[in-house]
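Shown next: structure.txt, given as compact mmCIF, C-alpha atoms.
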# COMPACT_ATOMS: atom_id res chain seq x y z
CA MET A 171 69.02 119.36 134.67
CA ARG A 172 68.71 119.50 130.87
CA GLU A 173 70.82 122.63 130.70
CA GLY A 174 73.46 120.91 132.82
CA PHE A 175 73.20 117.94 130.50
CA HIS A 176 73.81 120.01 127.39
CA GLY A 177 76.73 121.77 129.04
CA GLU A 178 78.21 118.35 129.86
CA LEU A 179 77.55 117.19 126.30
CA ALA A 180 79.35 120.26 124.93
CA GLU A 181 82.33 119.48 127.15
CA LEU A 182 82.31 115.89 125.90
CA GLY A 183 82.40 117.30 122.36
CA GLN A 184 85.39 119.47 123.29
CA GLN A 185 87.20 116.42 124.64
CA LEU A 186 86.45 114.43 121.48
CA ALA A 187 87.68 117.30 119.32
CA ALA A 188 90.85 117.47 121.43
CA MET A 189 91.36 113.74 120.80
CA CYS A 190 91.05 114.31 117.04
CA GLU A 191 93.56 117.15 117.32
CA SER A 192 95.97 114.80 119.11
CA ALA A 193 95.45 112.15 116.41
CA ALA A 194 96.07 114.73 113.66
CA THR A 195 99.29 115.90 115.34
CA ALA A 196 100.41 112.29 115.88
CA MET A 197 99.88 111.49 112.20
CA GLU A 198 101.61 114.68 111.04
CA HIS A 199 104.62 114.04 113.27
CA ALA A 200 104.79 110.32 112.49
CA THR A 201 104.86 111.05 108.75
CA SER A 202 107.48 113.74 109.19
CA ALA A 203 109.60 111.35 111.27
CA LEU A 204 109.12 108.65 108.63
CA LEU A 205 110.25 110.87 105.78
CA THR A 206 113.18 112.53 107.57
CA GLY A 207 114.26 109.65 109.84
CA ASP A 208 113.83 111.95 112.87
CA LEU A 209 114.13 109.50 115.76
CA ALA A 210 113.36 112.06 118.49
CA LEU A 211 110.12 113.02 116.76
CA ALA A 212 109.17 109.34 116.41
CA GLU A 213 109.74 108.83 120.17
CA GLN A 214 107.57 111.87 120.83
CA VAL A 215 104.69 110.33 118.86
CA ILE A 216 105.00 107.09 120.82
CA THR A 217 104.98 108.94 124.15
CA ALA A 218 102.04 111.13 123.12
CA ASP A 219 99.98 108.00 122.35
CA ALA A 220 99.73 107.23 126.07
CA GLU A 221 98.20 110.69 126.55
CA LEU A 222 95.61 109.98 123.86
CA ASP A 223 94.73 106.74 125.67
CA GLU A 224 94.26 108.81 128.84
CA GLN A 225 92.04 111.31 126.94
CA ARG A 226 89.97 108.39 125.75
CA ASN A 227 89.47 107.10 129.30
CA GLU A 228 88.32 110.54 130.41
CA CYS A 229 85.87 110.78 127.49
CA GLU A 230 84.50 107.33 128.24
CA GLU A 231 84.03 108.12 131.91
CA ARG A 232 82.26 111.38 131.13
CA ALA A 233 79.96 109.67 128.63
CA GLN A 234 79.16 106.85 131.05
CA THR A 235 78.45 109.31 133.86
CA LEU A 236 76.10 111.20 131.54
CA LEU A 237 74.27 107.98 130.73
CA ALA A 238 74.01 106.95 134.39
CA LEU A 239 72.96 110.30 135.83
CA GLN A 240 70.90 111.80 133.03
CA ALA A 241 69.47 108.78 131.21
CA PRO A 242 69.24 110.69 127.92
CA VAL A 243 66.89 109.54 125.15
CA ALA A 244 66.48 110.11 121.39
CA THR A 245 69.01 112.54 119.88
CA ASP A 246 70.80 113.08 123.18
CA LEU A 247 71.27 109.33 123.66
CA ARG A 248 72.47 108.97 120.06
CA THR A 249 74.98 111.75 120.66
CA VAL A 250 76.43 110.22 123.83
CA LEU A 251 76.66 106.78 122.21
CA ALA A 252 78.27 108.27 119.11
CA ALA A 253 80.88 109.84 121.38
CA LEU A 254 81.56 106.46 122.99
CA TYR A 255 82.03 104.78 119.63
CA CYS A 256 84.18 107.64 118.34
CA THR A 257 86.59 107.45 121.28
CA VAL A 258 87.40 103.86 120.23
CA ASN A 259 88.12 104.92 116.65
CA ILE A 260 90.15 108.00 117.55
CA GLU A 261 92.28 106.11 120.05
CA ARG A 262 92.94 103.58 117.29
CA MET A 263 94.00 106.42 114.96
CA GLY A 264 96.60 107.35 117.56
CA ASP A 265 97.74 103.72 117.79
CA LEU A 266 98.24 103.60 114.02
CA ALA A 267 100.32 106.80 114.05
CA ALA A 268 102.37 105.23 116.86
CA HIS A 269 102.87 102.09 114.72
CA ILE A 270 104.32 104.32 112.00
CA ALA A 271 106.61 105.97 114.56
CA ASN A 272 107.66 102.52 115.81
CA THR A 273 108.63 101.53 112.28
CA VAL A 274 110.85 104.63 112.14
CA ARG A 275 112.46 103.53 115.40
CA PHE A 276 113.08 99.95 114.31
CA SER A 277 114.42 100.99 110.91
CA HIS A 278 116.80 103.61 112.34
CA PRO A 279 119.43 104.59 111.21
CA ALA A 280 118.13 103.36 107.83
CA ARG A 281 115.08 105.05 106.32
CA ALA A 282 111.97 102.88 106.09
CA VAL A 283 110.78 104.59 102.88
CA PRO A 284 113.02 104.48 99.79
CA GLU A 285 113.11 107.73 97.85
CA PRO A 286 110.75 106.73 94.98
CA LEU A 287 107.91 106.29 97.49
CA ASN A 288 108.53 109.47 99.51
CA GLU A 289 105.86 111.42 97.65
CA SER A 290 103.25 108.69 98.12
CA PHE A 291 103.78 108.51 101.88
CA LYS A 292 103.90 112.30 102.12
CA ALA A 293 100.51 112.43 100.37
CA LEU A 294 99.10 109.65 102.57
CA GLY A 295 100.26 111.54 105.68
CA GLU A 296 98.70 114.79 104.49
CA LEU A 297 95.38 113.18 103.60
CA ASP A 298 95.20 111.35 106.93
CA THR A 299 96.16 114.45 108.91
CA ASN A 300 93.56 116.51 107.05
CA MET A 301 90.92 113.91 107.79
CA ALA A 302 91.65 114.07 111.53
CA ASP A 303 91.62 117.88 111.40
CA HIS A 304 88.34 117.78 109.50
CA LEU A 305 86.83 115.66 112.28
CA CYS A 306 87.71 118.37 114.82
CA ASP A 307 85.73 120.85 112.71
CA LEU A 308 82.81 118.47 112.33
CA ILE A 309 82.62 117.90 116.08
CA THR A 310 82.89 121.55 117.08
CA ASP A 311 80.74 122.99 114.26
CA SER A 312 78.29 120.09 113.85
CA ALA A 313 78.47 120.49 110.07
CA ASP A 314 76.41 117.69 108.52
CA HIS A 315 78.17 117.16 105.20
CA GLY A 316 81.44 115.88 106.61
CA PHE A 317 80.82 112.22 105.96
CA ASP A 318 80.72 112.53 102.16
CA GLU A 319 83.88 114.59 102.06
CA LEU A 320 85.76 112.22 104.33
CA ASN A 321 84.51 109.28 102.31
CA ARG A 322 85.95 110.87 99.15
CA THR A 323 89.28 111.51 100.87
CA ASP A 324 89.27 107.89 102.00
CA ASP A 325 88.92 106.84 98.34
CA ALA A 326 92.03 108.88 97.54
CA VAL A 327 93.88 107.16 100.40
CA ASP A 328 92.78 103.74 99.12
CA ILE A 329 94.16 104.57 95.67
CA LEU A 330 97.52 105.65 97.11
CA HIS A 331 97.61 102.53 99.30
CA ALA A 332 96.97 100.33 96.24
CA ASP A 333 99.64 102.25 94.31
CA VAL A 334 102.24 101.57 97.01
CA LEU A 335 101.39 97.86 97.01
CA ALA A 336 101.56 97.75 93.20
CA THR A 337 104.94 99.51 93.23
CA ILE A 338 106.57 97.24 95.78
CA THR A 339 105.27 94.08 94.13
CA GLY A 340 106.21 95.23 90.62
CA ASP A 341 108.85 93.35 88.64
CA ASP A 342 111.27 96.29 88.63
CA TRP A 343 111.13 97.03 92.37
CA PRO A 344 114.75 96.79 93.52
CA HIS A 345 114.30 96.50 97.31
CA ASP A 346 114.33 93.37 99.41
CA VAL A 347 111.51 91.62 101.25
CA ARG A 348 112.37 93.22 104.59
CA VAL A 349 112.03 96.77 103.25
CA SER A 350 108.97 95.82 101.22
CA THR A 351 106.99 94.12 103.98
CA ASN A 352 107.61 97.17 106.17
CA LEU A 353 106.25 99.36 103.38
CA ALA A 354 103.17 97.16 102.94
CA LEU A 355 102.42 97.40 106.66
CA LEU A 356 103.11 101.15 106.71
CA ALA A 357 100.72 101.72 103.80
CA ARG A 358 98.13 99.67 105.65
CA PHE A 359 98.49 101.83 108.78
CA TYR A 360 97.69 104.92 106.69
CA GLU A 361 94.75 103.18 105.05
CA ARG A 362 93.33 102.02 108.39
CA PHE A 363 93.75 105.51 109.91
CA ALA A 364 91.58 106.90 107.10
CA ASP A 365 89.00 104.12 107.61
CA GLN A 366 88.76 104.98 111.30
CA ALA A 367 88.27 108.65 110.44
CA VAL A 368 85.38 107.71 108.13
CA SER A 369 83.85 105.62 110.92
CA VAL A 370 83.98 108.66 113.21
CA ALA A 371 82.29 110.83 110.57
CA GLN A 372 79.69 108.11 110.07
CA ARG A 373 78.84 108.06 113.79
CA LEU A 374 78.71 111.86 113.94
CA GLN A 375 76.29 111.94 111.04
CA PHE A 376 74.18 109.23 112.66
CA ALA A 377 74.07 111.24 115.88
CA ALA A 378 73.01 114.36 113.96
CA THR A 379 70.46 112.81 111.61
CA GLY A 380 69.42 109.44 113.09
CA SER A 381 70.31 107.62 109.88
CA MET A 382 73.59 105.87 109.29
CA PRO A 383 75.32 106.85 106.04
CA VAL A 384 76.83 104.03 104.00
CA LYS A 385 80.59 103.82 103.57
CA GLY A 386 81.80 104.05 99.98
CA MET B 247 60.31 96.11 134.61
CA ARG B 248 63.64 94.93 136.07
CA GLU B 249 62.79 91.33 135.27
CA GLY B 250 61.99 92.36 131.71
CA PHE B 251 65.28 94.19 131.63
CA HIS B 252 67.29 91.19 132.72
CA GLY B 253 65.48 89.03 130.20
CA GLU B 254 66.40 91.53 127.50
CA LEU B 255 69.98 91.62 128.78
CA ALA B 256 70.16 87.81 128.60
CA GLU B 257 68.95 87.96 125.00
CA LEU B 258 71.57 90.58 124.22
CA GLY B 259 74.14 88.17 125.67
CA GLN B 260 72.83 85.39 123.43
CA GLN B 261 73.18 87.65 120.42
CA LEU B 262 76.73 88.57 121.37
CA ALA B 263 77.63 84.91 121.87
CA ALA B 264 76.14 84.15 118.45
CA MET B 265 78.35 86.87 116.96
CA CYS B 266 81.41 85.25 118.56
CA GLU B 267 80.33 81.90 117.16
CA SER B 268 80.08 83.44 113.68
CA ALA B 269 83.53 84.99 114.09
CA ALA B 270 84.98 81.64 115.21
CA THR B 271 83.44 79.86 112.22
CA ALA B 272 84.66 82.60 109.87
CA MET B 273 88.21 82.26 111.18
CA GLU B 274 88.15 78.47 111.04
CA HIS B 275 86.85 78.47 107.46
CA ALA B 276 89.15 81.27 106.31
CA THR B 277 92.19 79.38 107.60
CA SER B 278 91.04 76.15 106.03
CA ALA B 279 90.50 77.96 102.71
CA LEU B 280 93.94 79.56 103.05
CA LEU B 281 95.70 76.25 103.62
CA THR B 282 93.81 74.22 101.02
CA GLY B 283 93.16 76.94 98.42
CA ASP B 284 89.43 76.19 98.65
CA LEU B 285 87.92 79.10 96.71
CA ALA B 286 84.28 78.19 97.42
CA LEU B 287 84.95 78.17 101.17
CA ALA B 288 86.69 81.55 100.89
CA GLU B 289 83.65 82.98 99.08
CA GLN B 290 81.45 81.56 101.83
CA VAL B 291 83.45 83.43 104.50
CA ILE B 292 83.12 86.68 102.55
CA THR B 293 79.35 86.23 102.18
CA ALA B 294 78.93 85.30 105.85
CA ASP B 295 80.65 88.53 106.87
CA ALA B 296 77.61 90.53 105.71
CA GLU B 297 75.49 88.44 108.09
CA LEU B 298 77.82 89.25 110.97
CA ASP B 299 77.44 92.95 110.15
CA GLU B 300 73.69 92.45 110.31
CA GLN B 301 73.99 90.65 113.68
CA ARG B 302 76.00 93.59 114.93
CA ASN B 303 73.30 96.06 113.87
CA GLU B 304 70.69 94.03 115.72
CA CYS B 305 72.83 93.91 118.87
CA GLU B 306 73.42 97.64 118.72
CA GLU B 307 69.75 98.38 118.29
CA ARG B 308 68.81 96.13 121.18
CA ALA B 309 71.44 97.71 123.43
CA GLN B 310 70.34 101.22 122.48
CA THR B 311 66.70 100.37 123.09
CA LEU B 312 67.63 99.02 126.51
CA LEU B 313 69.45 102.24 127.33
CA ALA B 314 66.60 104.41 126.11
CA LEU B 315 63.72 102.53 127.72
CA GLN B 316 65.28 101.21 130.91
CA ALA B 317 67.99 103.75 131.74
CA PRO B 318 70.12 101.16 133.55
CA VAL B 319 72.75 102.20 136.10
CA ALA B 320 75.78 100.64 137.81
CA THR B 321 76.47 97.02 136.80
CA ASP B 322 73.54 96.92 134.38
CA LEU B 323 74.77 100.03 132.58
CA ARG B 324 78.31 98.65 132.46
CA THR B 325 76.97 95.42 130.96
CA VAL B 326 75.00 97.15 128.21
CA LEU B 327 77.93 99.40 127.36
CA ALA B 328 80.31 96.44 127.34
CA ALA B 329 77.98 94.76 124.84
CA LEU B 330 78.08 97.87 122.65
CA TYR B 331 81.88 97.96 122.67
CA CYS B 332 82.12 94.22 122.08
CA THR B 333 79.92 94.35 118.99
CA VAL B 334 82.49 96.66 117.39
CA ASN B 335 85.36 94.27 118.18
CA ILE B 336 83.53 91.12 117.11
CA GLU B 337 82.40 92.65 113.84
CA ARG B 338 86.03 93.57 113.24
CA MET B 339 87.07 89.97 113.93
CA GLY B 340 84.71 88.95 111.12
CA ASP B 341 86.23 91.58 108.83
CA LEU B 342 89.71 90.20 109.48
CA ALA B 343 88.62 86.64 108.67
CA ALA B 344 87.08 88.03 105.47
CA HIS B 345 90.39 89.76 104.65
CA ILE B 346 92.09 86.36 104.89
CA ALA B 347 89.42 84.86 102.62
CA ASN B 348 89.92 87.73 100.17
CA THR B 349 93.63 86.98 100.03
CA VAL B 350 92.76 83.38 99.11
CA ARG B 351 90.55 84.70 96.33
CA PHE B 352 93.13 87.09 94.93
CA SER B 353 95.91 84.51 95.09
CA HIS B 354 93.86 81.79 93.39
CA PRO B 355 94.83 79.46 91.71
CA ALA B 356 98.18 79.93 93.48
CA ARG B 357 98.38 79.29 97.22
CA ALA B 358 99.07 82.37 99.36
CA VAL B 359 101.04 80.37 101.95
CA PRO B 360 104.17 78.48 100.84
CA GLU B 361 104.55 75.06 102.42
CA PRO B 362 107.19 75.93 105.07
CA LEU B 363 104.72 78.35 106.69
CA ASN B 364 101.65 76.08 106.59
CA GLU B 365 102.10 74.95 110.19
CA SER B 366 102.46 78.52 111.47
CA PHE B 367 99.27 79.69 109.81
CA LYS B 368 97.45 76.54 110.89
CA ALA B 369 98.48 77.27 114.48
CA LEU B 370 97.48 80.94 114.16
CA GLY B 371 94.08 79.90 112.81
CA GLU B 372 93.54 77.43 115.64
CA LEU B 373 94.54 79.88 118.35
CA ASP B 374 92.31 82.62 116.90
CA THR B 375 89.36 80.25 116.47
CA ASN B 376 89.77 78.99 120.05
CA MET B 377 89.84 82.57 121.32
CA ALA B 378 86.55 83.37 119.59
CA ASP B 379 85.02 80.12 120.93
CA HIS B 380 86.30 80.97 124.40
CA LEU B 381 84.51 84.32 124.20
CA CYS B 382 81.21 82.51 123.55
CA ASP B 383 81.73 80.54 126.77
CA LEU B 384 82.67 83.66 128.71
CA ILE B 385 79.55 85.48 127.57
CA THR B 386 77.15 82.63 128.22
CA ASP B 387 78.73 81.35 131.47
CA SER B 388 79.99 84.69 132.83
CA ALA B 389 83.23 83.02 133.88
CA ASP B 390 85.48 85.73 135.30
CA HIS B 391 88.94 84.36 134.54
CA GLY B 392 88.71 84.53 130.77
CA PHE B 393 90.76 87.66 130.33
CA ASP B 394 94.00 86.20 131.68
CA GLU B 395 93.68 83.08 129.56
CA LEU B 396 92.92 85.03 126.41
CA ASN B 397 95.79 87.36 127.17
CA ARG B 398 98.16 84.38 127.35
CA THR B 399 96.82 82.98 124.08
CA ASP B 400 97.34 86.42 122.55
CA ASP B 401 101.02 86.24 123.60
CA ALA B 402 101.32 82.93 121.73
CA VAL B 403 99.75 84.55 118.66
CA ASP B 404 102.18 87.46 118.91
CA ILE B 405 105.12 85.04 118.98
CA LEU B 406 103.86 83.18 115.89
CA HIS B 407 103.24 86.50 114.12
CA ALA B 408 106.82 87.61 114.88
CA ASP B 409 108.11 84.20 113.70
CA VAL B 410 106.35 84.57 110.35
CA LEU B 411 107.81 88.06 109.89
CA ALA B 412 111.29 86.82 110.85
CA THR B 413 110.99 83.90 108.40
CA ILE B 414 109.91 85.97 105.42
CA THR B 415 112.54 88.63 106.02
CA GLY B 416 115.33 86.09 106.62
CA ASP B 417 118.29 85.88 104.22
CA ASP B 418 117.38 82.38 103.03
CA TRP B 419 113.71 83.07 102.29
CA PRO B 420 113.29 82.12 98.62
CA HIS B 421 109.96 83.81 97.79
CA ASP B 422 109.41 87.14 96.08
CA VAL B 423 108.12 90.40 97.48
CA ARG B 424 104.58 89.80 96.25
CA VAL B 425 104.21 86.52 98.13
CA SER B 426 105.99 87.94 101.17
CA THR B 427 103.97 91.16 101.54
CA ASN B 428 100.80 89.05 101.35
CA LEU B 429 102.18 86.85 104.13
CA ALA B 430 103.06 89.87 106.28
CA LEU B 431 99.52 91.21 105.91
CA LEU B 432 97.99 87.79 106.53
CA ALA B 433 100.01 87.35 109.72
CA ARG B 434 98.84 90.78 110.82
CA PHE B 435 95.18 89.86 110.26
CA TYR B 436 95.61 86.90 112.62
CA GLU B 437 97.41 89.06 115.17
CA ARG B 438 94.71 91.73 115.06
CA PHE B 439 91.94 89.14 115.39
CA ALA B 440 93.54 87.97 118.64
CA ASP B 441 93.89 91.58 119.84
CA GLN B 442 90.20 92.17 119.23
CA ALA B 443 89.33 89.01 121.15
CA VAL B 444 91.38 90.26 124.12
CA SER B 445 89.55 93.60 123.95
CA VAL B 446 86.23 91.75 124.16
CA ALA B 447 87.43 89.75 127.18
CA GLN B 448 88.65 92.99 128.76
CA ARG B 449 85.23 94.61 128.37
CA LEU B 450 83.47 91.51 129.70
CA GLN B 451 85.69 91.52 132.77
CA PHE B 452 85.08 95.23 133.27
CA ALA B 453 81.34 94.65 133.04
CA ALA B 454 81.56 91.85 135.61
CA THR B 455 83.95 93.47 138.09
CA GLY B 456 83.91 97.22 137.46
CA SER B 457 87.67 97.31 137.03
CA MET B 458 89.42 97.21 133.68
CA PRO B 459 92.17 94.57 133.43
CA VAL B 460 95.42 95.64 131.77
CA LYS B 461 96.44 94.07 128.47
CA GLY B 462 99.73 92.20 128.52

Serialized structure, structure tokens:
Amino acid sequence: MREGFHGELAELGQQLAAMCESAATAMEHATSALLTGDLALAEQVITADAELDEQRNECEERAQTLLALQAPVATDLRTVLAALYCTVNIERMGDLAAHIANTVRFSHPARAVPEPLNESFKALGELDTNMADHLCDLITDSADHGFDELNRTDDAVDILHADVLATITGDDWPHDVRVSTNLALLARFYERFADQAVSVAQRLQFAATGSMPVKG
Amino acid sequence: MREGFHGELAELGQQLAAMCESAATAMEHATSALLTGDLALAEQVITADAELDEQRNECEERAQTLLALQAPVATDLRTVLAALYCTVNIERMGDLAAHIANTVRFSHPARAVPEPLNESFKALGELDTNMADHLCDLITDSADHGFDELNRTDDAVDILHADVLATITGDDWPHDVRVSTNLALLARFYERFADQAVSVAQRLQFAATGSMPVKG
């Protein structure tokens, strides 16, 4: 029974890691679509989001079946519950990437990001994608120092997010309110994606150690 | 044992309802602070958010203890898991009210909302507050038709949110990018609050019926 349980738990981990991989790909593609105006790639991100929702349902069902049939306790219970919480966060990461892709679609044929901010959004996209990739590693390798690293990356994302807001609300910013509000919302999507990734790392660390690390 | 379990479950429900009440109060106060520029009230919302986080921790611990000690199955398991998911959403509702209060603080002594949009934000605040209040009733009375009603209210919130965005990106909008990006983010906080409330209603309905209603 216990061996079956741990096999099931390992499969749940594989599913979670696959969700993180999907979220990383979604963010990478959404950012690429944003910076190049690639409408087909944006549509692909939006379509792929439905698959991530489906992955989440499968994860949830597996976790709930584990709880019902195996009634785990202590570390095993913490691990299953962490997986349940993480599915919510990772699905949300996919939603946020899809929001970025939607902005590409609505802005088309114009570009949503004016040239002076290209580098900032490129950096935001890379940091977010790396965070999602890092989560895959944390889930499959059970490394226990992931939270601190992700927390530091999140700080870097927060700084970039604040920089974008400062730029678009600066006195010499030449673009109109329509472009600027889109940029403010876009920057927020990147910032929230990073927050969700930190929440996942926090839950993973709690599952591994039994104590909840504090977000920076 | 089962009787003890259902007593514990009822207490968990009371805690969840109390969280919804806190979220409703936070939204009501945040909106009032936003429309009147009341800095002290805004500070109060921000302080109260830490209490909601604490309420969430208590709910989580109670739910986890129930799972560990009672190993519920079927409807009971669904109910405990629904409570776990709902705590995440309701805590987030509190965060969003606190974001609104923070905007009041940063804008002070200026008002974040120019007069022509006062009515829209007042309506958003009322709809969101009513949704959180409605969740209290759903949790304590176990009414099963709450999801559809909340879904319809969410549609009304979405329309107001879109109206605000259309207004601030219209050709005759006289305010600058700084004011307008704040308004776009504020409108999004209200829209997300409503989304979270619908997610709570969705989980409650799932717990009650075993089938997950589809968001509109």

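You can rank B:Arg357, B:Arg338, B:Arg398, B:Arg324 by their closest distance to chain A using all atoms listed in the file, and at the top of that list sits B:Arg324.
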
| Residues within 12 Å of A:Val349, only C-alpha atoms, excluding chain neighbours under 6 positions, as a PyMOL selection string | (chain A and resi 273-274+276-277+280-284+287+338-339+343+355-356) or (chain B and resi 411+414-416+423+426-427+430)

| field | Within-6 Å shell of (83.3, 114.8, 114.1) in input frame, only C-alpha atoms, as an MDAnalysis selection string | value | chainID A and resid 305:306 308:309 371 374

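When all atoms listed in the file are used to compute distances to chain B, the closest of the residues A:Glu231, A:Asp303, A:Asp328, A:Glu285 turns out to be A:Glu231.
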
| said: Between atom CA of B:Glu365 and atom CA of B:Ala264, what distance in Å does the model show, to one decimal? | reply: 28.8 Å

| task | Around the point (87.5, 106.3, 115.1), in the coordinates given by the file, pick out the residues reaching within 10 Å, counting only C-alpha atoms, and return them as a PyMOL selection string. | result | chain A and resi 190+193+253-264+302+305+362-373

| task | Calculate how many Å separate atom CA of B:His252 from atom CA of B:Leu312, rounding to one decimal. | result | 10.0 Å

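Restricting the calculation to only C-alpha atoms, the smallest distance between chain B and any of A:Ala187, A:Ala244, A:Leu222, A:Ala180 is found for A:Ala244.
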
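Excluding stretch 283-296 of chain B itself and same-chain residues fewer than 2 positions from it, the residues having an atom within 8 Å of it are Ala272, His275, Ala276, Ser278, Ala279, Leu280, Leu281, Leu298, Asp299, Glu300, Gly340, Asp341, Ala343, Ala344, Ala347, Asn348, Val350, Arg351, His354, Pro355, Ala356 and Arg357 of chain B, counting only C-alpha atoms.
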
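One finds atom CA of B:Phe251 at 21.9 Å from atom CA of B:Asp383.
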
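With only C-alpha atoms as the atoms that count, the minimum distance from B:Gly456 to the choices B:Thr375, B:Thr386, B:Thr399, B:Thr325 is reached by B:Thr325.
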